[in-house]
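Below is data-v3.cif, holding mmCIF, C-alpha atoms.
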```cif
data_model
loop_
_atom_site.label_atom_id
_atom_site.label_comp_id
_atom_site.auth_asym_id
_atom_site.auth_seq_id
_atom_site.Cartn_x
_atom_site.Cartn_y
_atom_site.Cartn_z
CA MET M 1 -45.20 34.57 -27.99
CA ALA M 2 -48.25 36.67 -28.97
CA GLY M 3 -50.42 34.89 -31.47
CA VAL M 4 -48.81 31.44 -31.34
CA LEU M 5 -52.07 30.03 -29.97
CA ALA M 6 -54.39 32.13 -32.16
CA GLY M 7 -57.67 30.34 -32.71
CA ARG M 8 -56.81 27.49 -30.34
CA ARG M 9 -59.37 26.45 -27.73
CA VAL M 10 -58.07 25.40 -24.31
CA ALA M 11 -60.30 23.73 -21.70
CA ILE M 12 -59.68 24.70 -18.05
CA LEU M 13 -61.32 21.97 -15.96
CA ALA M 14 -62.00 23.17 -12.41
CA ALA M 15 -64.48 22.98 -9.51
CA ASP M 16 -65.13 24.67 -6.15
CA GLY M 17 -61.93 25.13 -4.18
CA VAL M 18 -59.72 25.93 -7.16
CA GLU M 19 -56.58 27.86 -6.18
CA ARG M 20 -57.28 31.29 -7.71
CA VAL M 21 -53.83 32.11 -9.10
CA GLU M 22 -53.47 28.67 -10.64
CA LEU M 23 -56.45 29.36 -12.88
CA GLU M 24 -55.96 33.11 -13.39
CA GLN M 25 -52.29 33.23 -14.33
CA PRO M 26 -52.16 30.33 -16.82
CA ARG M 27 -55.43 31.57 -18.34
CA GLN M 28 -53.90 35.02 -18.83
CA ALA M 29 -50.74 33.58 -20.37
CA LEU M 30 -52.78 31.46 -22.78
CA GLU M 31 -55.07 34.35 -23.74
CA ASP M 32 -52.03 36.62 -24.23
CA ALA M 33 -50.74 34.03 -26.72
CA GLY M 34 -54.04 34.20 -28.60
CA ALA M 35 -55.87 31.17 -27.20
CA ARG M 36 -59.55 31.07 -26.37
CA THR M 37 -59.86 29.54 -22.89
CA VAL M 38 -63.06 27.89 -21.63
CA VAL M 39 -63.76 27.17 -17.95
CA VAL M 40 -65.36 23.71 -17.84
CA SER M 41 -66.94 22.45 -14.62
CA LEU M 42 -69.46 20.11 -13.01
CA ALA M 43 -72.45 22.47 -12.70
CA SER M 44 -73.53 25.74 -14.30
CA GLY M 45 -73.06 29.09 -12.57
CA GLU M 46 -69.87 29.92 -10.74
CA ILE M 47 -67.14 28.04 -8.92
CA GLN M 48 -65.65 29.29 -5.66
CA ALA M 49 -61.95 30.10 -5.73
CA ARG M 50 -59.52 29.98 -2.79
CA ASP M 51 -56.19 31.51 -1.82
CA HIS M 52 -53.92 29.04 0.01
CA ASP M 53 -56.83 26.56 0.11
CA LEU M 54 -58.61 28.15 3.08
CA GLU M 55 -59.30 31.84 2.22
CA ALA M 56 -62.27 32.77 0.02
CA ALA M 57 -60.96 34.38 -3.19
CA GLY M 58 -63.92 35.20 -5.41
CA THR M 59 -65.48 33.09 -8.12
CA PHE M 60 -65.01 32.08 -11.74
CA ALA M 61 -67.87 31.81 -14.23
CA VAL M 62 -68.48 28.33 -15.61
CA GLU M 63 -68.61 28.45 -19.42
CA GLU M 64 -69.29 24.82 -20.33
CA LEU M 65 -70.30 21.64 -18.50
CA VAL M 66 -67.97 18.68 -18.53
CA ASP M 67 -70.70 16.23 -19.48
CA ALA M 68 -71.53 18.34 -22.56
CA VAL M 69 -68.02 18.67 -24.03
CA SER M 70 -65.58 16.32 -25.69
CA VAL M 71 -61.86 16.26 -26.37
CA ASP M 72 -62.65 17.12 -30.01
CA ASP M 73 -63.85 20.56 -28.87
CA PHE M 74 -60.40 21.62 -27.62
CA GLU M 75 -56.73 21.60 -28.57
CA ALA M 76 -55.37 21.46 -25.00
CA LEU M 77 -56.37 20.92 -21.36
CA LEU M 78 -55.34 22.75 -18.17
CA LEU M 79 -55.93 21.28 -14.69
CA PRO M 80 -55.33 23.87 -11.93
CA GLY M 81 -54.85 22.92 -8.26
CA GLY M 82 -56.35 23.80 -4.92
CA THR M 83 -56.90 20.80 -2.65
CA VAL M 84 -60.69 20.65 -2.77
CA ASN M 85 -60.96 21.25 -6.55
CA PRO M 86 -59.51 17.97 -7.89
CA ASP M 87 -61.01 16.17 -4.91
CA LYS M 88 -64.46 17.11 -6.27
CA LEU M 89 -63.61 16.50 -9.95
CA ARG M 90 -62.23 13.00 -9.39
CA MET M 91 -65.57 11.79 -8.02
CA GLU M 92 -67.42 12.66 -11.26
CA PRO M 93 -67.17 10.03 -13.98
CA ALA M 94 -67.65 12.59 -16.79
CA ALA M 95 -64.68 14.61 -15.52
CA VAL M 96 -62.45 11.56 -15.09
CA ARG M 97 -63.39 10.35 -18.59
CA PHE M 98 -62.66 13.80 -20.08
CA VAL M 99 -59.19 13.84 -18.49
CA ARG M 100 -58.43 10.25 -19.52
CA ASN M 101 -59.57 10.84 -23.11
CA PHE M 102 -57.52 14.02 -23.31
CA VAL M 103 -54.30 12.35 -22.20
CA ARG M 104 -54.90 9.38 -24.49
CA SER M 105 -55.61 11.69 -27.46
CA GLY M 106 -52.02 12.91 -27.36
CA LYS M 107 -53.11 16.55 -27.09
CA PRO M 108 -51.22 18.57 -24.47
CA VAL M 109 -52.40 18.39 -20.85
CA ALA M 110 -50.94 20.56 -18.08
CA SER M 111 -51.50 20.41 -14.32
CA ILE M 112 -50.12 22.14 -11.26
CA CYS M 113 -50.08 21.62 -7.49
CA HIS M 114 -52.93 19.26 -6.46
CA GLY M 115 -54.28 19.09 -10.04
CA PRO M 116 -52.43 15.82 -10.82
CA TRP M 117 -54.91 13.93 -8.59
CA ASN M 118 -57.09 14.11 -11.71
CA LEU M 119 -54.41 12.15 -13.56
CA VAL M 120 -54.26 9.55 -10.77
CA GLU M 121 -58.01 9.04 -10.93
CA ALA M 122 -57.88 8.74 -14.74
CA ASP M 123 -55.09 6.14 -14.37
CA VAL M 124 -52.88 7.82 -16.97
CA VAL M 125 -49.61 8.33 -15.06
CA ARG M 126 -48.12 4.84 -15.23
CA GLY M 127 -44.47 5.27 -16.25
CA CYS M 128 -44.91 9.02 -16.60
CA ARG M 129 -42.31 11.43 -15.15
CA LEU M 130 -44.03 14.30 -13.35
CA THR M 131 -44.21 16.55 -10.32
CA SER M 132 -46.91 17.95 -7.99
CA TRP M 133 -47.56 19.54 -4.63
CA PRO M 134 -45.72 17.39 -2.03
CA SER M 135 -48.87 15.89 -0.48
CA VAL M 136 -49.92 14.32 -3.79
CA ARG M 137 -46.62 12.59 -4.54
CA THR M 138 -47.23 9.33 -2.67
CA ASP M 139 -50.55 8.96 -4.52
CA LEU M 140 -48.76 9.60 -7.85
CA ARG M 141 -46.04 7.05 -7.07
CA ASN M 142 -48.63 4.49 -5.98
CA ALA M 143 -50.41 5.09 -9.32
CA GLY M 144 -47.18 4.21 -11.15
CA ALA M 145 -45.63 7.63 -11.85
CA GLU M 146 -41.98 8.60 -11.55
CA VAL M 147 -42.16 11.69 -9.32
CA VAL M 148 -39.48 14.38 -9.40
CA ASP M 149 -39.05 17.66 -7.51
CA GLU M 150 -38.59 20.22 -10.33
CA GLU M 151 -40.38 23.49 -11.09
CA VAL M 152 -41.75 22.28 -14.40
CA VAL M 153 -41.63 18.83 -16.03
CA THR M 154 -42.83 17.75 -19.47
CA ASP M 155 -43.07 14.05 -20.32
CA ALA M 156 -44.82 13.13 -23.57
CA ASN M 157 -47.96 15.29 -23.63
CA ILE M 158 -48.15 15.96 -19.85
CA THR M 159 -46.63 19.09 -18.25
CA THR M 160 -46.68 19.50 -14.44
CA SER M 161 -45.51 21.96 -11.78
CA ARG M 162 -45.44 21.93 -7.98
CA SER M 163 -47.03 25.10 -6.61
CA PRO M 164 -48.01 28.73 -7.25
CA GLU M 165 -44.31 29.67 -6.95
CA ASP M 166 -43.66 27.74 -10.15
CA LEU M 167 -46.31 29.66 -12.12
CA PRO M 168 -43.88 31.77 -14.21
CA ALA M 169 -42.05 28.65 -15.46
CA PHE M 170 -45.32 26.72 -15.79
CA CYS M 171 -47.04 29.43 -17.83
CA GLU M 172 -44.06 29.80 -20.18
CA ARG M 173 -43.84 26.06 -20.69
CA ILE M 174 -47.53 25.45 -21.38
CA VAL M 175 -47.61 28.18 -24.03
CA GLN M 176 -44.59 26.50 -25.68
CA GLU M 177 -46.07 23.01 -25.43
CA TYR M 178 -49.54 24.00 -26.59
CA ALA M 179 -47.97 25.93 -29.49
CA ARG M 180 -45.77 22.98 -30.46
CA ALA M 181 -48.81 20.72 -30.55
CA ALA M 182 -50.71 23.32 -32.57
CA ARG M 183 -47.94 23.40 -35.18
CA ALA M 184 -47.83 19.61 -35.30
CA VAL M 185 -51.46 19.34 -36.29
CA GLY M 186 -51.23 22.04 -38.95
CA ALA M 187 -51.81 25.72 -39.30
CA GLY M 188 -55.58 25.51 -38.83
CA GLY M 189 -57.53 25.67 -35.63
CA ARG M 190 -61.02 26.51 -34.49
CA THR M 191 -61.97 30.14 -34.25
CA MET L 192 -71.25 2.69 27.60
CA ALA L 193 -70.47 5.33 30.26
CA GLY L 194 -67.16 4.71 31.95
CA VAL L 195 -65.82 1.98 29.65
CA LEU L 196 -63.01 4.30 28.60
CA ALA L 197 -62.39 5.82 32.04
CA GLY L 198 -58.80 6.96 32.39
CA ARG L 199 -57.96 6.23 28.74
CA ARG L 200 -56.18 8.88 26.70
CA VAL L 201 -57.15 9.23 23.03
CA ALA L 202 -55.13 11.35 20.58
CA ILE L 203 -57.14 13.27 17.95
CA LEU L 204 -54.64 14.19 15.22
CA ALA L 205 -55.92 17.11 13.11
CA ALA L 206 -54.84 20.27 11.25
CA ASP L 207 -56.43 23.29 9.54
CA GLY L 208 -59.38 22.27 7.38
CA VAL L 209 -60.67 19.55 9.68
CA GLU L 210 -64.37 18.79 9.13
CA ARG L 211 -65.94 20.14 12.33
CA VAL L 212 -68.47 17.39 13.05
CA GLU L 213 -65.89 14.67 12.43
CA LEU L 214 -63.84 15.94 15.36
CA GLU L 215 -66.68 17.14 17.60
CA GLN L 216 -68.98 14.11 17.52
CA PRO L 217 -66.40 11.33 18.02
CA ARG L 218 -64.73 13.45 20.72
CA GLN L 219 -68.05 13.79 22.54
CA ALA L 220 -68.76 10.06 22.27
CA LEU L 221 -65.31 9.22 23.64
CA GLU L 222 -65.58 11.74 26.50
CA ASP L 223 -69.07 10.43 27.32
CA ALA L 224 -67.51 6.98 27.69
CA GLY L 225 -64.95 8.41 30.14
CA ALA L 226 -61.96 8.95 27.85
CA ARG L 227 -59.65 11.95 28.05
CA THR L 228 -59.21 13.22 24.47
CA VAL L 229 -56.24 15.34 23.37
CA VAL L 230 -56.18 17.39 20.15
CA VAL L 231 -52.71 16.90 18.66
CA SER L 232 -51.57 19.08 15.76
CA LEU L 233 -48.64 20.58 13.84
CA ALA L 234 -48.39 23.98 15.56
CA SER L 235 -49.58 25.49 18.82
CA GLY L 236 -52.68 27.69 19.06
CA GLU L 237 -55.85 26.79 17.20
CA ILE L 238 -56.78 24.90 14.06
CA GLN L 239 -59.45 26.14 11.67
CA ALA L 240 -62.48 23.88 11.24
CA ARG L 241 -64.74 23.65 8.18
CA ASP L 242 -68.28 22.55 7.36
CA HIS L 243 -68.50 20.72 4.01
CA ASP L 244 -64.85 21.62 3.36
CA LEU L 245 -65.53 25.18 2.20
CA GLU L 246 -67.44 26.98 4.98
CA ALA L 247 -65.57 28.40 8.01
CA ALA L 248 -66.78 26.59 11.16
CA GLY L 249 -64.84 27.90 14.13
CA THR L 250 -61.64 26.58 15.63
CA PHE L 251 -60.35 23.88 17.94
CA ALA L 252 -57.64 24.47 20.55
CA VAL L 253 -54.44 22.50 20.02
CA GLU L 254 -53.49 20.67 23.21
CA GLU L 255 -50.26 18.92 22.23
CA LEU L 256 -47.79 19.05 19.34
CA VAL L 257 -47.25 15.96 17.25
CA ASP L 258 -43.48 16.20 17.42
CA ALA L 259 -43.65 16.21 21.24
CA VAL L 260 -45.86 13.14 21.75
CA SER L 261 -45.42 9.42 21.28
CA VAL L 262 -47.68 6.41 20.90
CA ASP L 263 -46.86 5.49 24.51
CA ASP L 264 -48.77 8.59 25.67
CA PHE L 265 -52.13 7.32 24.35
CA GLU L 266 -54.31 4.24 24.21
CA ALA L 267 -56.01 5.06 20.89
CA LEU L 268 -55.86 7.39 17.86
CA LEU L 269 -58.62 9.21 15.97
CA LEU L 270 -58.06 10.73 12.49
CA PRO L 271 -60.97 12.99 11.43
CA GLY L 272 -61.51 14.10 7.84
CA GLY L 273 -61.97 17.33 5.92
CA THR L 274 -60.06 17.44 2.64
CA VAL L 275 -57.40 19.98 3.59
CA ASN L 276 -56.70 18.49 7.06
CA PRO L 277 -55.03 15.19 6.11
CA ASP L 278 -53.50 16.93 3.10
CA LYS L 279 -51.52 19.10 5.54
CA LEU L 280 -50.75 16.30 8.01
CA ARG L 281 -49.35 13.93 5.40
CA MET L 282 -46.61 16.41 4.48
CA GLU L 283 -45.19 16.45 8.03
CA PRO L 284 -42.83 13.58 8.83
CA ALA L 285 -43.61 13.69 12.57
CA ALA L 286 -47.34 13.25 11.87
CA VAL L 287 -46.77 10.43 9.37
CA ARG L 288 -44.42 8.69 11.83
CA PHE L 289 -46.97 9.05 14.67
CA VAL L 290 -49.70 7.46 12.54
CA ARG L 291 -47.42 4.65 11.32
CA ASN L 292 -46.19 3.87 14.85
CA PHE L 293 -49.75 3.86 16.16
CA VAL L 294 -50.99 1.37 13.58
CA ARG L 295 -47.93 -0.85 14.06
CA SER L 296 -48.35 -0.77 17.86
CA GLY L 297 -51.62 -2.67 17.53
CA LYS L 298 -53.53 0.01 19.46
CA PRO L 299 -56.85 1.01 17.91
CA VAL L 300 -56.84 3.64 15.16
CA ALA L 301 -60.03 5.09 13.64
CA SER L 302 -60.49 7.36 10.65
CA ILE L 303 -63.38 8.83 8.70
CA CYS L 304 -63.98 10.50 5.34
CA HIS L 305 -60.66 11.91 3.98
CA GLY L 306 -58.77 10.92 7.15
CA PRO L 307 -57.49 7.64 5.63
CA TRP L 308 -55.06 9.64 3.44
CA ASN L 309 -52.97 9.64 6.62
CA LEU L 310 -52.92 5.83 6.45
CA VAL L 311 -51.89 5.93 2.77
CA GLU L 312 -48.98 8.24 3.57
CA ALA L 313 -47.92 6.02 6.49
CA ASP L 314 -48.04 2.99 4.16
CA VAL L 315 -50.04 0.89 6.60
CA VAL L 316 -53.05 -0.17 4.50
CA ARG L 317 -51.54 -3.00 2.45
CA GLY L 318 -54.00 -5.90 2.61
CA CYS L 319 -56.29 -3.95 4.96
CA ARG L 320 -60.05 -3.87 4.40
CA LEU L 321 -61.39 -0.34 4.84
CA THR L 322 -63.60 2.45 3.56
CA SER L 323 -63.37 6.23 3.05
CA TRP L 324 -64.89 9.21 1.29
CA PRO L 325 -65.25 8.24 -2.40
CA SER L 326 -62.48 10.55 -3.67
CA VAL L 327 -59.85 8.81 -1.53
CA ARG L 328 -60.65 5.25 -2.64
CA THR L 329 -58.41 5.08 -5.70
CA ASP L 330 -55.49 6.27 -3.56
CA LEU L 331 -56.29 3.60 -0.95
CA ARG L 332 -56.50 0.85 -3.59
CA ASN L 333 -53.24 2.01 -5.16
CA ALA L 334 -51.66 1.81 -1.69
CA GLY L 335 -52.73 -1.84 -1.43
CA ALA L 336 -56.00 -1.64 0.52
CA GLU L 337 -59.18 -3.59 -0.10
CA VAL L 338 -61.79 -0.82 -0.29
CA VAL L 339 -65.44 -1.45 0.52
CA ASP L 340 -68.52 0.81 0.58
CA GLU L 341 -69.93 0.26 4.10
CA GLU L 342 -70.84 2.70 6.86
CA VAL L 343 -68.26 1.36 9.29
CA VAL L 344 -65.52 -1.22 8.79
CA THR L 345 -63.10 -2.69 11.34
CA ASP L 346 -60.12 -4.75 10.17
CA ALA L 347 -57.50 -5.68 12.78
CA ASN L 348 -56.93 -2.43 14.72
CA ILE L 349 -58.20 -0.02 12.04
CA THR L 350 -61.81 1.27 11.98
CA THR L 351 -63.01 3.47 9.08
CA SER L 352 -66.17 5.23 7.91
CA ARG L 353 -67.15 7.13 4.76
CA SER L 354 -68.66 10.49 5.67
CA PRO L 355 -70.43 12.61 8.32
CA GLU L 356 -73.61 10.60 7.66
CA ASP L 357 -71.88 7.56 9.12
CA LEU L 358 -71.00 9.33 12.39
CA PRO L 359 -73.57 7.55 14.60
CA ALA L 360 -72.29 4.11 13.55
CA PHE L 361 -68.67 5.29 13.61
CA CYS L 362 -68.93 6.76 17.11
CA GLU L 363 -70.60 3.63 18.49
CA ARG L 364 -67.97 1.39 16.91
CA ILE L 365 -64.93 3.35 18.07
CA VAL L 366 -66.14 3.34 21.66
CA GLN L 367 -66.55 -0.45 21.38
CA GLU L 368 -63.17 -0.96 19.76
CA TYR L 369 -61.27 1.34 22.08
CA ALA L 370 -62.96 -0.33 25.07
CA ARG L 371 -62.11 -3.80 23.77
CA ALA L 372 -58.46 -2.80 23.42
CA ALA L 373 -58.53 -1.25 26.89
CA ARG L 374 -59.82 -4.51 28.39
CA ALA L 375 -57.18 -6.48 26.49
CA VAL L 376 -54.32 -4.55 28.06
CA GLY L 377 -55.71 -4.78 31.58
CA ALA L 378 -57.83 -2.74 33.93
CA GLY L 379 -55.25 0.02 34.39
CA GLY L 380 -54.82 3.14 32.31
CA ARG L 381 -53.37 6.59 32.71
CA THR L 382 -55.35 9.15 34.62
#
```
Write-out of the structure in structure tokens:
Amino acid sequence: MAGVLAGRRVAILAADGVERVELEQPRQALEDAGARTVVVSLASGEIQARDHDLEAAGTFAVEELVDAVSVDDFEALLLPGGTVNPDKLRMEPAAVRFVRNFVRSGKPVASICHGPWNLVEADVVRGCRLTSWPSVRTDLRNAGAEVVDEEVVTDANITTSRSPEDLPAFCERIVQEYARAARAVGAGGRT
Amino acid sequence: MAGVLAGRRVAILAADGVERVELEQPRQALEDAGARTVVVSLASGEIQARDHDLEAAGTFAVEELVDAVSVDDFEALLLPGGTVNPDKLRMEPAAVRFVRNFVRSGKPVASICHGPWNLVEADVVRGCRLTSWPSVRTDLRNAGAEVVDEEVVTDANITTSRSPEDLPAFCERIVQEYARAARAVGAGGRT
């Protein structure tokens, strides 16, 4: 798939508590396909990563602030998990607005594990078929989603997976979906 | 209030990731009033506590397992917060059933911060007036609750608070509420 995302900019929205592999592995898959990924967060500096939610697992550098970017700056959005990460993002109106605008724009949005809490807060899952980490499913159903237990699910422009174990399928699917959207809007793209 | 809870057994349901002060301070207030508190969890041994969700903050000893206790064993229930703690509890059917049975029994239940996710999962907040940490409020509303922004709220047998800053008001209120329930069921009580 090398090059299918050449010149495409993908926002990775994350905060402290992000599950390390759920940022690292999709980012690598997207970069391998030629995309330029940008870690977007709530404050400048670094965000703290975790393994299995509770073990410190290094940091990621923040590249742009969520209140300084817009959907127009990117061709796709990635929302990793980690329990504390979306819990922090969903309290910030600029982050919720960014997620809501992204979904409504029709551009591809992907989320894994606890990441779909961002979609609940943005109120964009009504009637949408998706999956998540088990703890989030009641909140998704109560927000109007149809929740299924599959390794990777794409409905309209939203792709979701359940856990780090699904990362191989998730990474393959998001490269496909982001590439399909890239073709649909023409051969161009920001560089 | 010393002695108003003499002989009363209070279950504190918690898992890894519990916010330290939200277990410690209510437990102290209840013990000071004469109650016997029991830390109930998912597995034997210890649970890991946190300060501000991300900093390691020691452990608490598990005293009983949730699948080996019943509502009949206790006069009241306390559900502390910490983001990861209720996220783990809500995935375990025995914990969800324990919370649901407690609320339905009419015995007093109190929860603070992220703890009310347990009430969402147990589907016992429909029409209930309560509060929580801000990130949990959309999930509470979607589960049918009336959410308010007050330091401590009691509706029927459920008392809730927002955050560690509310602990003084929360601790005072739960001692009152647990004592009121104790008086209502007579002067007896397990010892």
Name the residues captured by the PyMOL selection byres ((chain L) within 8 of (chain M)) when it is applied to the shown file; answer as a PyMOL selection string. chain L and resi 208+244-245+274-275+278-279+281-282+311-312+325-326+329-330+333-334
With the file shown as input, list the residues that the PyMOL selection byres ((chain L and resi 295) around 12) selects, as a list in words.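 When the PyMOL selection byres ((chain L and resi 295) around 12) is applied to the shown file, the picked residues are Val262, Arg288, Phe289, Val290, Arg291, Asn292, Phe293, Val294, Ser296, Gly297, Lys298, Pro299, Val300, Leu310, Ala313, Asp314, Val315, Val316, Ala347, Asn348 and Ile349 of chain L.
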The PyMOL selection byres ((chain M and resi 131) around 7) on the file shown: which residues, as a ChimeraX atom specification? /M:130,132,147-150,153,160-162
List the residues sitting within 12 Å of (-58.7, 32.9, -15.5) in the file's frame, using all atoms listed in the file, as number ranges by chain. M: 10-14, 18-32, 36-40, 47, 49, 58-63, 78-80
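Going from CA of Asp346 in chain L to CA of Asp258 in chain L covers 27.7 Å.
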Report the centre and edge lengths, in Å to one decimal, of an axis-aligned box enclosing every atom of range 3-20 of chain M listed in the file, padded by 8 Å on each side, as JSON.
```
{"center_x": -57.0, "center_y": 28.4, "center_z": -18.4, "size_x": 32.3, "size_y": 28.9, "size_z": 44.5}
```
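CA of Arg200 in chain L is found 20.6 Å from CA of Leu358 in chain L.
Straight-line separation from CA of Ser261 in chain L to CA of Val287 in chain L: 12.0 Å.
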With all atoms listed in the file counted, which protein, DNA or RNA residues have an atom no more than 9 Å from (-54.6, -8.5, 3.0) in the file frame? Please answer as a PyMOL selection string. chain L and resi 316-320+335-337
